[in-house]
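Asks: Can you read through this structure? Questions will come right after.
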Amino acid sequence: MSRVWLTGASSGIGAALAEILLEEGHQLALSARQIKPLQALAARFPNQVLLVTADINERQQVMDMGQHIKESWGGLDLVILNAGTCEYLEPGYFDAELVERVVRTNLFGTSHCVQVALPLLRRGERPHLAVVCSAVTWLALPRAEAYGASKAALRYLIESLRIDLAAEDIDVTLVSPGFVDTPLTRRNDFPMPMCWSAQRAARHIATHLRKRPLEIAFPLPFILAIRLLGSLPARWRLALGRRLARPQRMD
């Protein structure tokens, strides 16, 4: 039985993953901005759930979460940083504030959690850090400037951090999903090929996390396709992106 901290646990992949890990008997510290779904899990698994609800964008709140976990459990064995957001830019309407919002959550918010998690993992048994990134980092797509940039920066951050943590025997896994059916992606107004359910994605992640791989990327055909397209010459990638782009609005 492991002591696990899971962020973004109120919906989507996080909620499905929480169910699986609790049913396996692990102790879970659950954090999200919405507390009601977490309270429901705490009621169902009263001796396994520690509620540490907070906004990862607020550094002090994240620090308070870490202190609460330390006082309650002493340390952590597994940290899964799943919380994130997505917004898209519209052609012809570049919005720097939108970019800042997305980067703040996906990069800086996750960084707040990493800073708090590492001292707790150093107190754990066979410590393991897992961070949810995205397959979008392998291919630039139209309207995804903010989301893709935030996840590409996160990928570099975590892959570099993995090198520095290797001497401490802290395993680091990147999780790179394709499209997954969640409340966030249901707002997408474009096709999502090879889309998985949140439950299927969570089962896949939970199964593969046990092996402590460097990366968990799925679904495989989508990953192979997007990585192949991402390796094309720059002008070919531009031509592909233009075919996928929507026309600029003329308001």
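Residue numbers start at 1 in each chain; chains themselves are named A, B, ... in the order of the structure tokens; ligands are numbered from 1 in the order shown.
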Report the residues of range 11-240 of chain A whose backbone DSSP state falls under strand (DSSP E or B), written as a ChimeraX atom specification.

Replies: /A:27-31,49-51,78-81,90,93,128-132,171-177,180-181,196-197,215-218

Asks: List every residue of range 21-90 of chain A that has an atom at most 10 Å from any atom of range 199-215 of chain A, and for each one report the closest atom pair and its distance in Å to one decimal, counting only C-alpha atoms, with rows sorted by chain and then by increasing residue number, as a tab-separated table.

Replies:
residue	atom	partner	partner_atom	distance
A:Leu21	CA	A:Ala206	CA	7.6
A:Leu78	CA	A:Leu209	CA	9.7
A:Ile80	CA	A:Leu209	CA	9.9

Asks: Given the choices A:Pro233, A:Gly74, A:Pro91, A:Gly148, which gets closest to Arg123 in chain A if the distance is worked out from only C-alpha atoms?

Replies: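 Among the listed residues, the smallest separation from Arg123 in chain A belongs to A:Gly74.
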
Asks: Write down as a ChimeraX atom specification the residues of range 81-213 of chain A whose backbone DSSP state falls under helix (DSSP H, G or I).

Replies: /A:96-121,135-138,145-168,185-187,198-209

Asks: Nearest to Ser176 in chain A among A:Ile35, A:Leu118, A:Ala239, A:Ile216, with distances taken over only C-alpha atoms: which residue is it?

Replies: A:Ile216

Asks: Pick the closest to Gln67 in chain A from A:Val116, A:Arg243, A:Met1, A:Glu97: which is it, counting only C-alpha atoms?

Replies: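 With only C-alpha atoms as the atom set, the closest residue is A:Val116.
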
Asks: Just how far from CA of Val79 in chain A is CA of Thr53 in chain A, in Å to one decimal?

Replies: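 One can read the CA of Thr53 in chain A to CA of Val79 in chain A distance as 15.1 Å.
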
Asks: Quick one: of A:Glu90, A:Asp95, A:Glu159, A:Glu125, who's nearest to Arg246 in chain A, counting only C-alpha atoms?

Replies: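 Of all the options, A:Glu90 lies closest to Arg246 in chain A.
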
Asks: Taking only C-alpha atoms into account, which of A:Thr7, A:Ser72, A:Ser160, A:Gln27 comes nearest His112 in chain A?

Replies: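 Answer, going by the shortest atom-to-atom distance: A:Thr7.
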
Asks: With only C-alpha atoms as the atoms that count, which of A:Gln61, A:Ser10, A:Ala54, A:Leu240 lies nearest to Lys36 in chain A?

Replies: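 For Lys36 in chain A, the nearest of the given residues is A:Ser10.
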
Asks: Quick one, how far is CA of Gly124 in chain A from CA of Arg155 in chain A?

Replies: 24.2 Å

Asks: Give me the residues within 8 Å of Cys86 in chain A as JSON, numbers by chain, counting only C-alpha atoms and dropping any in the same chain fewer than 4 places off.

Replies: {"A": [102, 146, 147, 184]}

Asks: Sorted by chain and rising residue number, list the residues of range 133-245 of chain A at most 7 Å from range 105-108 of chain A (counting only C-alpha atoms), each with its closest atom pair and distance in Å to one decimal, as a tab-separated table.

Replies:
residue	atom	partner	partner_atom	distance
A:Ser150	CA	A:Leu107	CA	5.8
A:Lys151	CA	A:Asn106	CA	6.8
A:Ala153	CA	A:Leu107	CA	7.0
A:Leu154	CA	A:Leu107	CA	5.6

Asks: Deliver the residues from the most recent selection as a file, using C-alpha atoms, as a PDB file, in the first residue's frame.

Replies:
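Full text of selection.pdb as output:
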ATOM      1  CA  SER A 150       2.961  25.043 -21.766  1.00  0.00           C
ATOM      2  CA  LYS A 151       3.209  21.280 -22.211  1.00  0.00           C
ATOM      3  CA  ALA A 153       8.004  23.526 -21.477  1.00  0.00           C
ATOM      4  CA  LEU A 154       6.692  21.046 -18.923  1.00  0.00           C
TER       5      LEU A 154
END

Asks: Determine, counting only C-alpha atoms, which protein, DNA and RNA residues have an atom within 6 Å of an atom of Ile13 in chain A; residues of the same chain fewer than 2 positions away are not included. Present the result as a JSON list (two decimals) with C-alpha atoms, in the first residue's frame.

Replies:
[["chain", "number", "residue", "atom", "x", "y", "z"],
["A", 15, "ALA", "CA", -11.18, 11.10, -10.88],
["A", 16, "ALA", "CA", -11.00, 7.78, -12.71],
["A", 17, "LEU", "CA", -7.43, 7.20, -11.53],
["A", 198, "ALA", "CA", -11.17, 8.68, -18.99],
["A", 202, "ALA", "CA", -6.75, 5.80, -16.12]]

Asks: Expressed in Å to a single decimal, how great is the separation between CA of Leu224 in chain A and CA of Leu174 in chain A?

Replies: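 Distance between the two atoms: 16.6 Å.
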
Asks: Just want the 12 Å neighbourhood of Leu165 in chain A, counted on only C-alpha atoms, with same-chain residues fewer than 5 positions away dropped. Output as an NGL selection string.

Replies: :A and (114 or 118-119 or 121-122 or 127-129 or 158-160 or 170-173)

Asks: Write a file of the selected residues as a compact mmCIF listing (two decimals), in the first residue's frame, keeping N, CA and C atoms.

Replies:
# COMPACT_ATOMS: atom_id res chain seq x y z
N VAL A 114 5.72 20.28 -7.69
CA VAL A 114 6.99 19.55 -7.68
C VAL A 114 7.84 19.99 -6.50
N LEU A 118 8.86 16.97 -3.74
CA LEU A 118 10.17 16.32 -3.65
C LEU A 118 10.63 16.04 -2.22
N PRO A 119 10.51 16.97 -1.28
CA PRO A 119 10.91 16.63 0.09
C PRO A 119 10.07 15.49 0.68
N LEU A 121 8.70 13.01 -1.13
CA LEU A 121 9.14 11.78 -1.79
C LEU A 121 10.46 11.29 -1.21
N ARG A 122 11.30 12.20 -0.81
CA ARG A 122 12.58 11.80 -0.21
C ARG A 122 12.38 11.06 1.11
N PRO A 127 10.51 6.10 -4.06
CA PRO A 127 9.76 7.27 -4.51
C PRO A 127 9.62 7.35 -6.04
N HIS A 128 8.46 7.83 -6.43
CA HIS A 128 8.11 7.86 -7.86
C HIS A 128 7.30 9.12 -8.13
N LEU A 129 7.74 9.91 -9.08
CA LEU A 129 7.04 11.12 -9.52
C LEU A 129 6.51 10.91 -10.93
N ILE A 158 10.52 18.42 -16.82
CA ILE A 158 10.48 17.12 -16.14
C ILE A 158 11.58 16.20 -16.65
N GLU A 159 11.88 16.23 -17.94
CA GLU A 159 12.96 15.38 -18.44
C GLU A 159 14.31 15.83 -17.89
N SER A 160 14.50 17.12 -17.74
CA SER A 160 15.73 17.62 -17.14
C SER A 160 15.78 17.28 -15.65
N ILE A 170 14.96 8.61 -7.34
CA ILE A 170 13.56 9.01 -7.49
C ILE A 170 13.19 8.80 -8.96
N ASP A 171 12.33 7.85 -9.23
CA ASP A 171 11.91 7.58 -10.60
C ASP A 171 10.95 8.66 -11.07
N VAL A 172 11.05 9.01 -12.35
CA VAL A 172 10.22 10.06 -12.93
C VAL A 172 9.59 9.55 -14.22
N THR A 173 8.27 9.64 -14.29
CA THR A 173 7.53 9.18 -15.47
C THR A 173 6.72 10.34 -16.05
